[in-house]
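Source file: structure_7.tsv (TSV, C-alpha atoms and all ligand atoms)
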chain	number	residue	atom	x	y	z
A	922	MET	CA	-25.93	1.96	-1.46
A	923	ILE	CA	-23.23	4.44	-0.42
A	924	ILE	CA	-23.98	7.86	1.05
A	925	THR	CA	-21.01	10.20	0.83
A	926	LEU	CA	-21.02	13.19	3.16
A	927	LYS	CA	-19.41	16.54	2.40
A	928	THR	CA	-16.02	17.16	4.02
A	929	CYS	CA	-17.67	19.88	6.13
A	930	ALA	CA	-20.45	17.58	7.42
A	931	ASP	CA	-20.46	17.52	11.22
A	932	ALA	CA	-21.23	14.72	13.69
A	933	SER	CA	-24.94	15.55	13.79
A	934	ALA	CA	-25.24	15.24	9.97
A	935	ILE	CA	-23.52	11.84	10.13
A	936	ALA	CA	-25.77	10.76	13.00
A	937	MET	CA	-28.86	11.76	11.02
A	938	VAL	CA	-27.78	9.64	8.03
A	939	MET	CA	-27.03	6.69	10.34
A	940	GLU	CA	-30.37	7.09	12.06
A	941	THR	CA	-32.32	7.34	8.79
A	942	ALA	CA	-30.54	4.25	7.46
A	943	GLY	CA	-31.25	2.36	10.68
A	944	ARG	CA	-34.99	2.79	10.17
A	945	PHE	CA	-35.02	0.40	7.20
A	946	GLU	CA	-35.63	-3.22	8.00
A	947	ASN	CA	-32.75	-5.66	7.34
A	948	ILE	CA	-30.37	-2.85	6.49
A	949	GLU	CA	-27.16	-2.48	8.44
A	950	PRO	CA	-25.58	1.00	8.21
A	951	ARG	CA	-21.79	1.08	8.49
A	952	LYS	CA	-19.77	4.24	8.88
A	953	TYR	CA	-16.32	4.74	7.26
A	954	ILE	CA	-14.05	7.73	7.71
A	955	PHE	CA	-11.59	8.44	4.88
A	956	GLU	CA	-8.54	10.60	5.48
A	957	GLY	CA	-8.75	11.99	1.95
A	958	VAL	CA	-6.14	14.27	0.47
A	959	THR	CA	-8.65	17.14	0.25
A	960	GLY	CA	-9.77	16.58	3.85
A	961	SER	CA	-11.37	13.82	5.85
A	962	PHE	CA	-14.85	12.74	4.89
A	963	CYS	CA	-17.41	10.16	5.91
A	964	GLU	CA	-19.32	7.51	4.00
A	965	VAL	CA	-22.25	5.52	5.28
A	966	HIS	CA	-22.70	2.16	3.58
A	967	LEU	CA	-26.07	0.45	3.64
A	968	ILE	CA	-25.53	-3.31	3.77
A	969	GLY	CA	-28.53	-5.36	2.67
A	970	ASN	CA	-31.09	-5.16	-0.09
A	971	THR	CA	-31.51	-1.45	-0.86
A	972	SER	CA	-33.56	-1.84	-4.03
A	973	ARG	CA	-36.64	-0.36	-2.36
A	974	ILE	CA	-34.83	2.62	-0.88
A	975	ALA	CA	-34.99	5.81	-2.94
A	976	GLU	CA	-31.85	7.92	-3.25
A	977	GLU	CA	-33.86	11.07	-2.45
A	978	GLN	CA	-34.47	9.89	1.08
A	979	PHE	CA	-30.81	10.56	1.76
A	980	GLU	CA	-30.11	13.26	-0.80
A	981	VAL	CA	-32.34	15.71	1.09
A	982	LEU	CA	-30.47	15.30	4.38
A	983	PRO	CA	-28.03	18.04	5.46
A	984	GLY	CA	-24.37	17.39	4.69
A	985	VAL	CA	-24.99	14.70	2.06
A	986	GLN	CA	-22.79	15.06	-1.02
A	987	ARG	CA	-24.09	12.18	-3.12
A	988	VAL	CA	-25.83	8.84	-3.01
A	989	ILE	CA	-24.46	6.01	-5.14
A	990	ARG	CA	-26.10	2.73	-5.91
A	991	VAL	CA	-23.37	0.12	-5.84
A	992	SER	CA	-23.52	-2.87	-8.08
A	993	SER	CA	-19.83	-3.64	-7.74
A	994	LYS	CA	-18.60	-5.93	-5.00
A	995	TYR	CA	-15.74	-3.60	-4.13
A	996	ARG	CA	-17.97	-1.58	-1.88
A	997	VAL	CA	-15.30	0.35	0.01
A	998	ILE	CA	-12.29	0.28	-2.30
A	999	GLY	CA	-14.30	0.56	-5.54
A	1000	ARG	CA	-14.25	3.65	-7.73
A	1001	HIS	CA	-17.87	3.08	-8.71
A	1002	GLY	CA	-17.49	4.82	-12.04
A	1003	GLN	CA	-16.55	8.18	-10.56
A	1004	ASP	CA	-13.69	9.71	-12.50
A	1005	GLU	CA	-13.24	12.36	-9.86
A	1006	ALA	CA	-13.30	9.92	-6.91
A	1007	ASP	CA	-11.18	10.91	-3.93
A	1008	VAL	CA	-8.10	8.72	-4.32
A	1009	GLY	CA	-5.57	8.21	-1.59
A	1010	PHE	CA	-4.99	9.52	1.91
A	1011	GLN	CA	-2.67	11.48	4.18
A	1012	TYR	CA	-0.46	9.78	6.70
A	1013	ASN	CA	2.17	11.19	9.01
A	1014	GLY	CA	2.47	14.40	7.01
A	1015	LEU	CA	2.66	12.82	3.56
A	1016	ALA	CA	-0.05	12.55	0.91
A	1017	PHE	CA	-0.35	9.23	-0.89
A	1018	ASP	CA	-2.48	9.87	-3.95
A	1019	GLU	CA	-2.25	9.86	-7.73
A	1020	SER	CA	-0.79	13.30	-8.18
A	1021	ARG	CA	2.79	12.53	-7.13
A	1022	VAL	CA	5.20	9.62	-6.90
A	1023	HIS	CA	6.72	8.27	-3.71
A	1024	VAL	CA	9.75	6.01	-3.81
A	1025	LEU	CA	9.94	3.56	-0.90
A	1026	ALA	CA	13.54	2.49	-1.28
A	1027	GLY	CA	15.11	0.35	1.39
A	1028	LEU	CA	16.19	-3.00	2.73
A	1029	CYS	CA	14.24	-6.12	1.87
A	1030	ALA	CA	15.22	-7.33	5.33
A	1031	VAL	CA	16.79	-5.47	8.23
A	1032	ASP	CA	20.03	-7.29	8.91
A	1033	SER	CA	22.06	-4.82	10.96
A	1034	ARG	CA	21.78	-1.36	12.44
A	1035	GLU	CA	24.66	-0.31	10.24
A	1036	SER	CA	22.78	-1.23	7.03
A	1037	VAL	CA	19.70	0.61	8.27
A	1038	ARG	CA	21.73	3.69	9.13
A	1039	ALA	CA	23.60	3.70	5.81
A	1040	MET	CA	20.37	3.26	3.84
A	1041	MET	CA	18.52	5.99	5.68
A	1042	ALA	CA	21.41	8.43	5.57
A	1043	GLU	CA	21.48	8.06	1.79
A	1044	LEU	CA	17.71	8.60	1.56
A	1045	GLN	CA	17.95	11.71	3.69
A	1046	LYS	CA	20.73	13.06	1.48
A	1047	PHE	CA	18.33	13.00	-1.47
A	1048	GLY	CA	15.23	14.17	0.41
A	1049	VAL	CA	13.41	10.82	0.40
A	1050	GLN	CA	11.13	10.34	3.42
A	1051	THR	CA	9.77	6.87	2.67
A	1052	THR	CA	11.48	3.51	2.94
A	1053	ARG	CA	10.96	-0.22	3.25
A	1054	MET	CA	12.43	-2.25	6.13
A	1055	GLY	CA	11.47	-5.89	6.59
A	1056	ALA	CA	11.64	-7.10	10.19
A	1057	TYR	CA	9.42	-10.18	9.80
A	1058	LYS	CA	10.28	-12.21	6.74
A	1059	PRO	CA	8.09	-15.02	5.41
A	1060	ARG	CA	10.67	-17.30	3.82
A	1061	THR	CA	10.22	-20.31	1.58
A	1062	SER	CA	12.64	-22.39	3.65
A	1063	PRO	CA	12.46	-22.56	7.45
A	1064	TYR	CA	16.26	-22.61	7.49
A	1065	ASP	CA	16.58	-19.20	5.83
A	1066	PHE	CA	16.96	-15.95	7.75
A	1067	GLN	CA	13.52	-15.14	9.20
A	1068	GLY	CA	14.12	-11.47	9.97
A	1069	LEU	CA	15.24	-9.87	13.23
A	1070	GLY	CA	11.64	-9.40	14.40
A	1071	ALA	CA	10.65	-7.23	17.35
A	1072	GLU	CA	14.26	-6.94	18.53
A	1073	CYS	CA	15.21	-4.54	15.73
A	1074	LEU	CA	12.13	-2.30	15.91
A	1075	PRO	CA	13.40	0.19	18.55
A	1076	TRP	CA	16.56	1.06	16.62
A	1077	VAL	CA	14.91	0.94	13.18
A	1078	PHE	CA	12.36	3.52	14.37
A	1079	GLU	CA	15.00	5.55	16.15
A	1080	GLU	CA	17.16	5.71	13.01
A	1081	ALA	CA	14.08	6.61	10.95
A	1082	GLY	CA	13.34	9.53	13.25
A	1083	LYS	CA	16.96	10.70	13.12
A	1084	HIS	CA	16.95	10.63	9.32
A	1085	ASP	CA	13.60	12.33	8.84
A	1086	ILE	CA	11.91	9.21	7.44
A	1087	ARG	CA	8.16	9.63	7.79
A	1088	VAL	CA	6.91	6.26	6.58
A	1089	VAL	CA	8.46	2.78	6.81
A	1090	ALA	CA	6.78	-0.06	4.89
A	1091	MET	CA	7.06	-3.19	7.03
A	1092	GLU	CA	5.53	-6.59	6.39
A	1093	VAL	CA	3.45	-8.29	9.08
A	1094	CYS	CA	2.60	-12.00	9.01
A	1095	ASP	CA	0.69	-12.31	12.27
A	1096	GLY	CA	-1.48	-10.23	14.61
A	1097	ARG	CA	1.35	-10.21	17.16
A	1098	HIS	CA	3.56	-8.37	14.70
A	1099	ILE	CA	1.03	-5.54	14.50
A	1100	GLU	CA	1.00	-5.23	18.29
A	1101	GLU	CA	4.80	-5.30	18.49
A	1102	ILE	CA	5.04	-2.50	15.94
A	1103	GLN	CA	2.42	-0.42	17.75
A	1104	LYS	CA	4.22	-0.86	21.08
A	1105	ALA	CA	7.66	-0.11	19.66
A	1106	LEU	CA	6.45	3.03	17.92
A	1107	GLU	CA	4.82	4.25	21.08
A	1108	SER	CA	7.82	3.50	23.31
A	1109	ALA	CA	10.07	5.33	20.88
A	1110	GLY	CA	7.75	8.37	20.96
A	1111	ASN	CA	6.43	7.87	17.40
A	1112	PRO	CA	9.53	9.17	15.59
A	1113	THR	CA	8.18	7.81	12.28
A	1114	GLY	CA	5.11	6.10	10.81
A	1115	VAL	CA	4.61	2.56	9.55
A	1116	MET	CA	2.73	1.27	6.53
A	1117	LEU	CA	1.78	-2.32	7.30
A	1118	GLN	CA	2.69	-4.56	4.39
A	1119	ILE	CA	0.69	-7.64	3.50
A	1120	GLY	CA	2.95	-9.87	1.47
A	1121	THR	CA	1.96	-11.97	-1.50
A	1122	ARG	CA	2.07	-15.12	0.63
A	1123	ASN	CA	-0.57	-13.73	2.97
A	1124	THR	CA	-2.91	-12.23	0.41
A	1125	GLN	CA	-5.71	-14.61	1.35
A	1126	ASN	CA	-4.91	-14.95	5.05
A	1127	PHE	CA	-8.31	-13.51	5.83
A	1128	GLU	CA	-7.92	-13.46	9.61
A	1129	LEU	CA	-4.72	-11.42	9.26
A	1130	LEU	CA	-6.43	-9.11	6.76
A	1131	LYS	CA	-9.23	-8.49	9.25
A	1132	LEU	CA	-6.75	-7.64	12.02
A	1133	VAL	CA	-4.87	-5.24	9.78
A	1134	GLY	CA	-8.18	-3.61	8.90
A	1135	GLN	CA	-9.32	-3.38	12.50
A	1136	GLN	CA	-6.20	-1.59	13.78
A	1137	GLY	CA	-7.46	1.32	11.67
A	1138	GLU	CA	-4.45	3.56	12.25
A	1139	MET	CA	-1.52	2.59	10.07
A	1140	PRO	CA	-2.17	2.50	6.33
A	1141	VAL	CA	-1.68	-0.77	4.48
A	1142	LEU	CA	0.52	-1.70	1.55
A	1143	PHE	CA	-1.23	-4.69	0.07
A	1144	LYS	CA	0.60	-6.97	-2.38
A	1145	ARG	CA	-1.35	-8.89	-4.98
A	1146	GLY	CA	-1.35	-12.65	-4.63
A	1147	MET	CA	1.30	-14.23	-6.84
A	1148	GLY	CA	-0.94	-17.07	-8.05
A	1149	ILE	CA	-4.49	-15.79	-7.89
A	1150	THR	CA	-6.57	-13.56	-10.11
A	1151	LEU	CA	-6.58	-9.79	-9.82
A	1152	GLU	CA	-10.23	-9.97	-8.79
A	1153	GLU	CA	-9.37	-12.32	-5.92
A	1154	SER	CA	-6.63	-9.95	-4.76
A	1155	LEU	CA	-8.98	-6.97	-4.89
A	1156	ASN	CA	-11.57	-8.88	-2.90
A	1157	ALA	CA	-8.91	-9.63	-0.31
A	1158	CYS	CA	-8.15	-5.91	-0.12
A	1159	GLU	CA	-11.83	-5.24	0.43
A	1160	TYR	CA	-11.55	-7.36	3.61
A	1161	ILE	CA	-9.09	-4.85	5.06
A	1162	ALA	CA	-11.16	-1.87	4.00
A	1163	SER	CA	-14.48	-3.26	5.19
A	1164	GLU	CA	-12.98	-3.98	8.62
A	1165	GLY	CA	-12.15	-0.31	9.08
A	1166	GLN	CA	-8.96	0.65	7.26
A	1167	PRO	CA	-9.67	2.09	3.79
A	1168	ASN	CA	-6.22	3.72	3.55
A	1169	ILE	CA	-4.59	1.10	1.36
A	1170	VAL	CA	-2.14	1.13	-1.52
A	1171	PHE	CA	-2.31	-1.77	-3.94
A	1172	CYS	CA	1.02	-3.24	-4.97
A	1173	LEU	CA	1.76	-5.11	-8.19
A	1174	ARG	CA	4.85	-7.31	-7.80
A	1175	GLY	CA	4.64	-9.75	-10.69
A	1176	VAL	CA	2.93	-13.12	-10.78
A	1177	LYS	CA	4.44	-16.57	-10.49
A	1178	SER	CA	4.98	-18.17	-13.87
A	1179	HIS	CA	7.88	-19.88	-15.56
A	1180	LEU	CA	6.95	-17.77	-18.56
A	1181	GLY	CA	8.60	-14.85	-16.82
A	1182	GLU	CA	12.03	-16.50	-16.82
A	1183	PRO	CA	14.78	-15.39	-16.52
A	1184	HIS	CA	12.92	-12.99	-14.24
A	1185	ARG	CA	11.73	-14.12	-10.82
A	1186	ASN	CA	8.10	-13.31	-11.69
A	1187	LEU	CA	6.15	-12.30	-14.77
A	1188	VAL	CA	5.84	-8.53	-14.66
A	1189	ASP	CA	2.17	-7.49	-14.43
A	1190	PHE	CA	2.38	-3.71	-14.57
A	1191	ALA	CA	-0.15	-3.54	-17.41
A	1192	HIS	CA	-2.63	-3.96	-14.55
A	1193	VAL	CA	-1.82	-0.50	-13.13
A	1194	PRO	CA	-4.57	1.28	-15.13
A	1195	VAL	CA	-6.96	-1.60	-14.49
A	1196	VAL	CA	-6.60	-1.28	-10.73
A	1197	ARG	CA	-6.92	2.50	-11.02
A	1198	SER	CA	-10.16	2.20	-13.02
A	1199	GLN	CA	-11.75	-0.27	-10.65
A	1200	THR	CA	-10.63	1.14	-7.32
A	1201	ARG	CA	-9.68	4.37	-5.61
A	1202	LEU	CA	-6.44	2.91	-4.30
A	1203	PRO	CA	-3.11	4.45	-5.31
A	1204	VAL	CA	-1.06	1.83	-7.14
A	1205	VAL	CA	2.48	0.91	-6.15
A	1206	ILE	CA	4.81	-1.21	-8.23
A	1207	ASP	CA	7.57	-3.43	-6.89
A	1208	PRO	CA	10.13	-3.87	-9.67
A	1209	SER	CA	12.59	-5.70	-7.40
A	1210	HIS	CA	10.42	-8.70	-6.57
A	1211	SER	CA	9.13	-8.76	-10.16
A	1212	VAL	CA	12.52	-8.88	-11.86
A	1213	GLY	CA	14.34	-10.56	-9.01
A	1214	ARG	CA	17.89	-10.02	-10.18
A	1215	PHE	CA	20.47	-7.36	-10.73
A	1216	HIS	CA	21.17	-7.45	-14.42
A	1217	THR	CA	22.22	-4.62	-16.64
A	1218	ALA	CA	20.65	-4.29	-20.10
A	1219	PRO	CA	22.81	-3.39	-23.12
A	1220	ASP	CA	21.80	0.27	-22.69
A	1221	GLY	CA	23.54	0.29	-19.31
A	1222	LEU	CA	20.41	0.44	-17.17
A	1223	PRO	CA	19.63	-2.31	-14.66
A	1224	GLU	CA	16.49	-4.26	-15.54
A	1225	VAL	CA	14.95	-3.06	-12.27
A	1226	PHE	CA	15.04	0.46	-13.77
A	1227	HIS	CA	13.31	-0.70	-16.94
A	1228	ALA	CA	10.54	-2.48	-15.03
A	1229	THR	CA	10.09	0.66	-12.92
A	1230	GLY	CA	9.63	2.68	-16.09
A	1231	GLN	CA	7.02	0.22	-17.33
A	1232	GLY	CA	4.93	0.81	-14.20
A	1233	LEU	CA	5.35	4.58	-14.03
A	1234	ILE	CA	4.53	5.22	-17.66
A	1235	VAL	CA	1.10	3.69	-17.10
A	1236	GLY	CA	0.33	5.72	-13.99
A	1237	ALA	CA	1.72	4.01	-10.88
A	1238	SER	CA	2.21	6.51	-8.08
A	1239	MET	CA	4.55	4.62	-5.78
A	1240	VAL	CA	7.64	2.46	-6.22
A	1241	LEU	CA	8.76	-0.11	-3.64
A	1242	VAL	CA	12.33	-1.01	-4.40
A	1243	ASP	CA	15.14	-2.99	-2.79
A	1244	PHE	CA	18.48	-1.32	-2.10
A	1245	HIS	CA	21.33	-2.53	0.10
A	1246	PRO	CA	24.69	-1.00	1.04
A	1247	ASP	CA	26.35	-4.37	0.45
A	1248	PRO	CA	24.03	-6.71	-1.51
A	1249	ARG	CA	26.53	-9.58	-1.52
A	1250	HIS	CA	26.22	-9.84	2.25
A	1251	ALA	CA	22.47	-9.14	2.52
A	1252	LEU	CA	20.63	-11.89	4.39
A	1253	CYS	CA	17.59	-11.78	2.10
A	1254	ASP	CA	17.14	-11.04	-1.61
A	1255	GLY	CA	20.63	-9.57	-2.05
A	1256	PRO	CA	20.80	-10.59	-5.74
A	1257	GLN	CA	17.97	-8.21	-6.67
A	1258	ALA	CA	19.08	-5.20	-4.61
A	1259	LEU	CA	20.51	-2.04	-6.13
A	1260	THR	CA	23.59	-0.59	-4.47
A	1261	LEU	CA	23.33	2.80	-2.79
A	1262	ASP	CA	25.31	4.56	-5.51
A	1263	TYR	CA	22.34	3.91	-7.83
A	1264	LEU	CA	19.96	5.91	-5.66
A	1265	PRO	CA	20.34	9.39	-7.25
A	1266	ARG	CA	20.20	7.89	-10.73
A	1267	PHE	CA	17.11	5.89	-9.82
A	1268	LEU	CA	15.36	8.97	-8.40
A	1269	ASP	CA	16.20	10.97	-11.56
A	1270	TYR	CA	14.93	8.14	-13.71
A	1271	VAL	CA	11.64	8.03	-11.78
A	1272	LYS	CA	11.23	11.80	-12.20
A	1273	THR	CA	11.90	11.63	-15.94
A	1274	VAL	CA	9.46	8.78	-16.61
A	1275	ARG	CA	6.79	10.36	-14.46
A	1276	ALA	CA	7.19	13.63	-16.38
A	1277	ALA	CA	6.79	11.68	-19.62
A	1278	TYR	CA	3.57	10.15	-18.29
A	1279	GLU	CA	2.21	13.52	-17.25
A	1280	ALA	CA	3.15	14.97	-20.63
A	1281	VAL	CA	0.98	12.49	-22.53
A	1282	LEU	CA	-2.16	13.03	-20.42
A	1301	LIG	C1	8.94	-8.26	0.25
A	1301	LIG	O1	8.53	-7.19	-0.24
A	1301	LIG	O2	9.89	-8.33	1.00
A	1301	LIG	C2	8.27	-9.51	-0.09
A	1301	LIG	C3	8.44	-10.61	0.62
A	1301	LIG	O3	7.55	-9.40	-1.21
A	1301	LIG	P1	6.40	-10.36	-1.80
A	1301	LIG	O4	5.41	-10.53	-0.71
A	1301	LIG	O5	5.89	-9.55	-2.96
A	1301	LIG	O6	7.09	-11.61	-2.23
A	1302	MN	MN	12.18	-9.65	-0.57
Would you mind writing the file's structure down as structure tokens?
Amino acid sequence: MIITLKTCADASAIAMVMETAGRFENIEPRKYIFEGVTGSFCEVHLIGNTSRIAEEQFEVLPGVQRVIRVSSKYRVIGRHGQDEADVGFQYNGLAFDESRVHVLAGLCAVDSRESVRAMMAELQKFGVQTTRMGAYKPRTSPYDFQGLGAECLPWVFEEAGKHDIRVVAMEVCDGRHIEEIQKALESAGNPTGVMLQIGTRNTQNFELLKLVGQQGEMPVLFKRGMGITLEESLNACEYIASEGQPNIVFCLRGVKSHLGEPHRNLVDFAHVPVVRSQTRLPVVIDPSHSVGRFHTAPDGLPEVFHATGQGLIVGASMVLVDFHPDPRHALCDGPQALTLDYLPRFLDYVKTVRAAYEAVL
């Protein structure tokens, strides 16, 4: 059972709900605060068998908005059949919800300060405040470039601040990476924000998911597992949310199958509306890791553009995409990166497809 409190509910209203819930035997009340786009609000979840508890016992309490009986296992991330559910969150001055599109364009892996600077300068030129910058790279071969790690964080954050970047998506593979990011942000005076990325290789690293949930501060960009079901990926996401961080965006990045060839992965963007129906998480698509190559179609558009369009036309609200000032010399995933001169065209394309989506609603 979930008790949602009104945005105006104060601490005493929350305490009364917690106290009432605590009176039932074998019921554990858990409190979650959501930084919703229309304001922050609280939910109290009753864990245990609630079949004998009547909704009215909570509905009459001050500050209670609604009481929902949950049959779904996605307790925290689930939409629970509410069309008007509060989707998304605010972070570092930006709203991540379903009513706008953010493009997180950037380097798959940070390889030099110069690449970071060139990328961010281009983003700033076109008013983009979100990027991706991989410092910790989980690579298939131990002999491949593993990312610059903690060493690059001070100057990545400094450049982000200088170029008015508000959110950097950055993958973490270990609890130590979270701590290093927290420390580096603090030492730099928090010039930007970080969205912690869980990569497809760590989708079911449950101990990492718990840590990412427990830090409770930075939102999470969660990538679906490349070889598991959507349900398993959503359950993994629920780990993060249930540990304390409900501010998550769910990323589709293709699934591993030879049937996707010549693409790197089989594009799965038909799942955008499925994820939106089942959860209240904004959905992000990653066309770069799906397609995995720079190849221009006969119409002159790179395939990465076409895959982007496929995700946006079905309602994705974020795009994570690889760019590089010099893809031939990139140390990771250069073959799939777009060059910087494509950025304005890409942003226009995103705008046009999004407008088409909004026009058919
Ligand atoms: C990435 O975004 O850099 C990445 C490694 O992606 P994925 O986890 O989807 O393979
Ligand atoms: Mn990559």
Contacts with ligand MN 1302 (chain A) at most 8 Å, only C-alpha atoms and all ligand atoms counted, listed as an MDAnalysis selection string: chainID A and resid 1029:1030 1058 1209:1210 1243 1253:1254
Polymer residues at most 10 Å from Thr1124 of chain A, only C-alpha atoms, same-chain spacing of 3 or more positions, as a ChimeraX atom specification: /A:1119-1121,1127,1129-1130,1143-1149,1153-1158
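Taking atom CA of Tyr1057 of chain A and atom CA of Ala1105 of chain A as the two end points, the separation is 14.2 Å.
Between atom CA of Thr1229 of chain A and atom CA of Phe1066 of chain A the separation is 27.4 Å.
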Within 10 Å of Tyr1270 of chain A using only C-alpha atoms, minus same-chain residues under 5 positions, as a list in words: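 These residues fall inside the cut-off: Phe1226, His1227, Thr1229, Gly1230, Leu1264, Pro1265, Arg1275 and Ala1276 of chain A.
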Distance criterion (only C-alpha atoms and all ligand atoms): nearest to ligand LIG 1301 (chain A) out of A:Leu1282, A:Val1274, A:Val1225, A:Ala1090: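 For ligand LIG 1301 (chain A), the nearest of the given residues is A:Ala1090.
Candidate residues A:Gly1002, A:Gly957, A:Gly1213, A:Pro1223 were compared for distance to ligand LIG 1301 (chain A), and the nearest is A:Gly1213, using only C-alpha atoms and all ligand atoms.
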Two-atom distance - atom CA of Ile1102 of chain A, atom CA of Ala1071 of chain A (Å): 7.5 Å
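For the set A:Lys1131, A:Arg1060, A:Arg1197, A:Lys1083, the residue with the smallest atom-to-atom gap to ligand LIG 1301 (chain A) is A:Arg1060, counting only C-alpha atoms and all ligand atoms.
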Which of A:Val1176, A:Ala1081, A:Val981, A:Val991 sits closest to ligand LIG 1301 (chain A) [using only C-alpha atoms and all ligand atoms]: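 Between A:Val1176, A:Ala1081, A:Val981, A:Val991, the residue approaching ligand LIG 1301 (chain A) most closely is A:Val1176.
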Nearest to Asn970 of chain A, chosen from A:Asp931, A:Val938, A:Asp1207, A:Met922, with only C-alpha atoms counted in the distances: A:Met922
Among listed residues A:His1001, A:Arg996, A:His966, A:Arg1097, nearest Tyr953 of chain A (using only C-alpha atoms):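 Closest to Tyr953 of chain A, using only C-alpha atoms: A:His966.
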Residues within 9 Å of Ile968 of chain A, only C-alpha atoms, excluding chain neighbours under 3 positions, as a list in words: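 Non-adjacent residues within range: Met922, Asn947, Ile948, Glu949, Pro950, Arg951 and Thr971 of chain A.
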Contacts between segment 1161-1175 of chain A and segment 1068-1143 of chain A, please, where a residue of segment 1068-1143 of chain A counts if it comes within 8 Å (with only C-alpha atoms); show its shortest atom pair and distance in Å to one decimal, rows by chain and ascending number, as JSON lines.
{"residue": "A:Leu1130", "atom": "CA", "partner": "A:Ile1161", "partner_atom": "CA", "distance": 5.3}
{"residue": "A:Lys1131", "atom": "CA", "partner": "A:Ile1161", "partner_atom": "CA", "distance": 5.6}
{"residue": "A:Leu1132", "atom": "CA", "partner": "A:Ile1161", "partner_atom": "CA", "distance": 7.9}
{"residue": "A:Val1133", "atom": "CA", "partner": "A:Ile1161", "partner_atom": "CA", "distance": 6.3}
{"residue": "A:Gly1134", "atom": "CA", "partner": "A:Ile1161", "partner_atom": "CA", "distance": 4.1}
{"residue": "A:Gln1135", "atom": "CA", "partner": "A:Glu1164", "partner_atom": "CA", "distance": 5.4}
{"residue": "A:Gln1136", "atom": "CA", "partner": "A:Gln1166", "partner_atom": "CA", "distance": 7.4}
{"residue": "A:Gly1137", "atom": "CA", "partner": "A:Gln1166", "partner_atom": "CA", "distance": 4.7}
{"residue": "A:Glu1138", "atom": "CA", "partner": "A:Gln1166", "partner_atom": "CA", "distance": 7.3}
{"residue": "A:Pro1140", "atom": "CA", "partner": "A:Asn1168", "partner_atom": "CA", "distance": 5.1}
{"residue": "A:Val1141", "atom": "CA", "partner": "A:Ile1169", "partner_atom": "CA", "distance": 4.7}
{"residue": "A:Leu1142", "atom": "CA", "partner": "A:Val1170", "partner_atom": "CA", "distance": 5.0}
{"residue": "A:Phe1143", "atom": "CA", "partner": "A:Phe1171", "partner_atom": "CA", "distance": 5.1}
Residue neighbourhood Pro983 of chain A, 9 Å, all atoms listed in the file, exclusion window fewer than 5 positions, as number ranges by chain: A: 926, 930, 934-935, 937-938
I'd like the contact shell of segment 1231-1238 of chain A - 7 Å cut-off, only C-alpha atoms, skipping same-chain residues fewer than 2 positions apart - returned as a PDB file with C-alpha atoms, in the coordinates of the input.
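File produced: selection-v2.pdb:
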ATOM      1  CA  GLU A1019      -2.250   9.860  -7.730  1.00  0.00           C
ATOM      2  CA  ARG A1021       2.790  12.530  -7.130  1.00  0.00           C
ATOM      3  CA  VAL A1022       5.200   9.620  -6.900  1.00  0.00           C
ATOM      4  CA  HIS A1023       6.720   8.270  -3.710  1.00  0.00           C
ATOM      5  CA  PHE A1190       2.380  -3.710 -14.570  1.00  0.00           C
ATOM      6  CA  VAL A1193      -1.820  -0.500 -13.130  1.00  0.00           C
ATOM      7  CA  PRO A1194      -4.570   1.280 -15.130  1.00  0.00           C
ATOM      8  CA  PRO A1203      -3.110   4.450  -5.310  1.00  0.00           C
ATOM      9  CA  VAL A1204      -1.060   1.830  -7.140  1.00  0.00           C
ATOM     10  CA  VAL A1205       2.480   0.910  -6.150  1.00  0.00           C
ATOM     11  CA  ILE A1206       4.810  -1.210  -8.230  1.00  0.00           C
ATOM     12  CA  HIS A1227      13.310  -0.700 -16.940  1.00  0.00           C
ATOM     13  CA  ALA A1228      10.540  -2.480 -15.030  1.00  0.00           C
ATOM     14  CA  THR A1229      10.090   0.660 -12.920  1.00  0.00           C
ATOM     15  CA  VAL A1274       9.460   8.780 -16.610  1.00  0.00           C
ATOM     16  CA  ARG A1275       6.790  10.360 -14.460  1.00  0.00           C
ATOM     17  CA  TYR A1278       3.570  10.150 -18.290  1.00  0.00           C
TER      18      TYR A1278
END
Enclosing box along x, y and z for every listed atom of segment 1095-1101 of chain A, padded 5 Å each side, centre and size in Å, one decimal, as JSON:
{"center_x": 1.7, "center_y": -8.8, "center_z": 15.4, "size_x": 16.3, "size_y": 17.1, "size_z": 16.2}
Point (9.9, 10.0, 2.0), cut-off 9 Å, counting only C-alpha atoms, residues as a ChimeraX atom specification: /A:1015,1023-1026,1044-1045,1048-1052,1085-1089
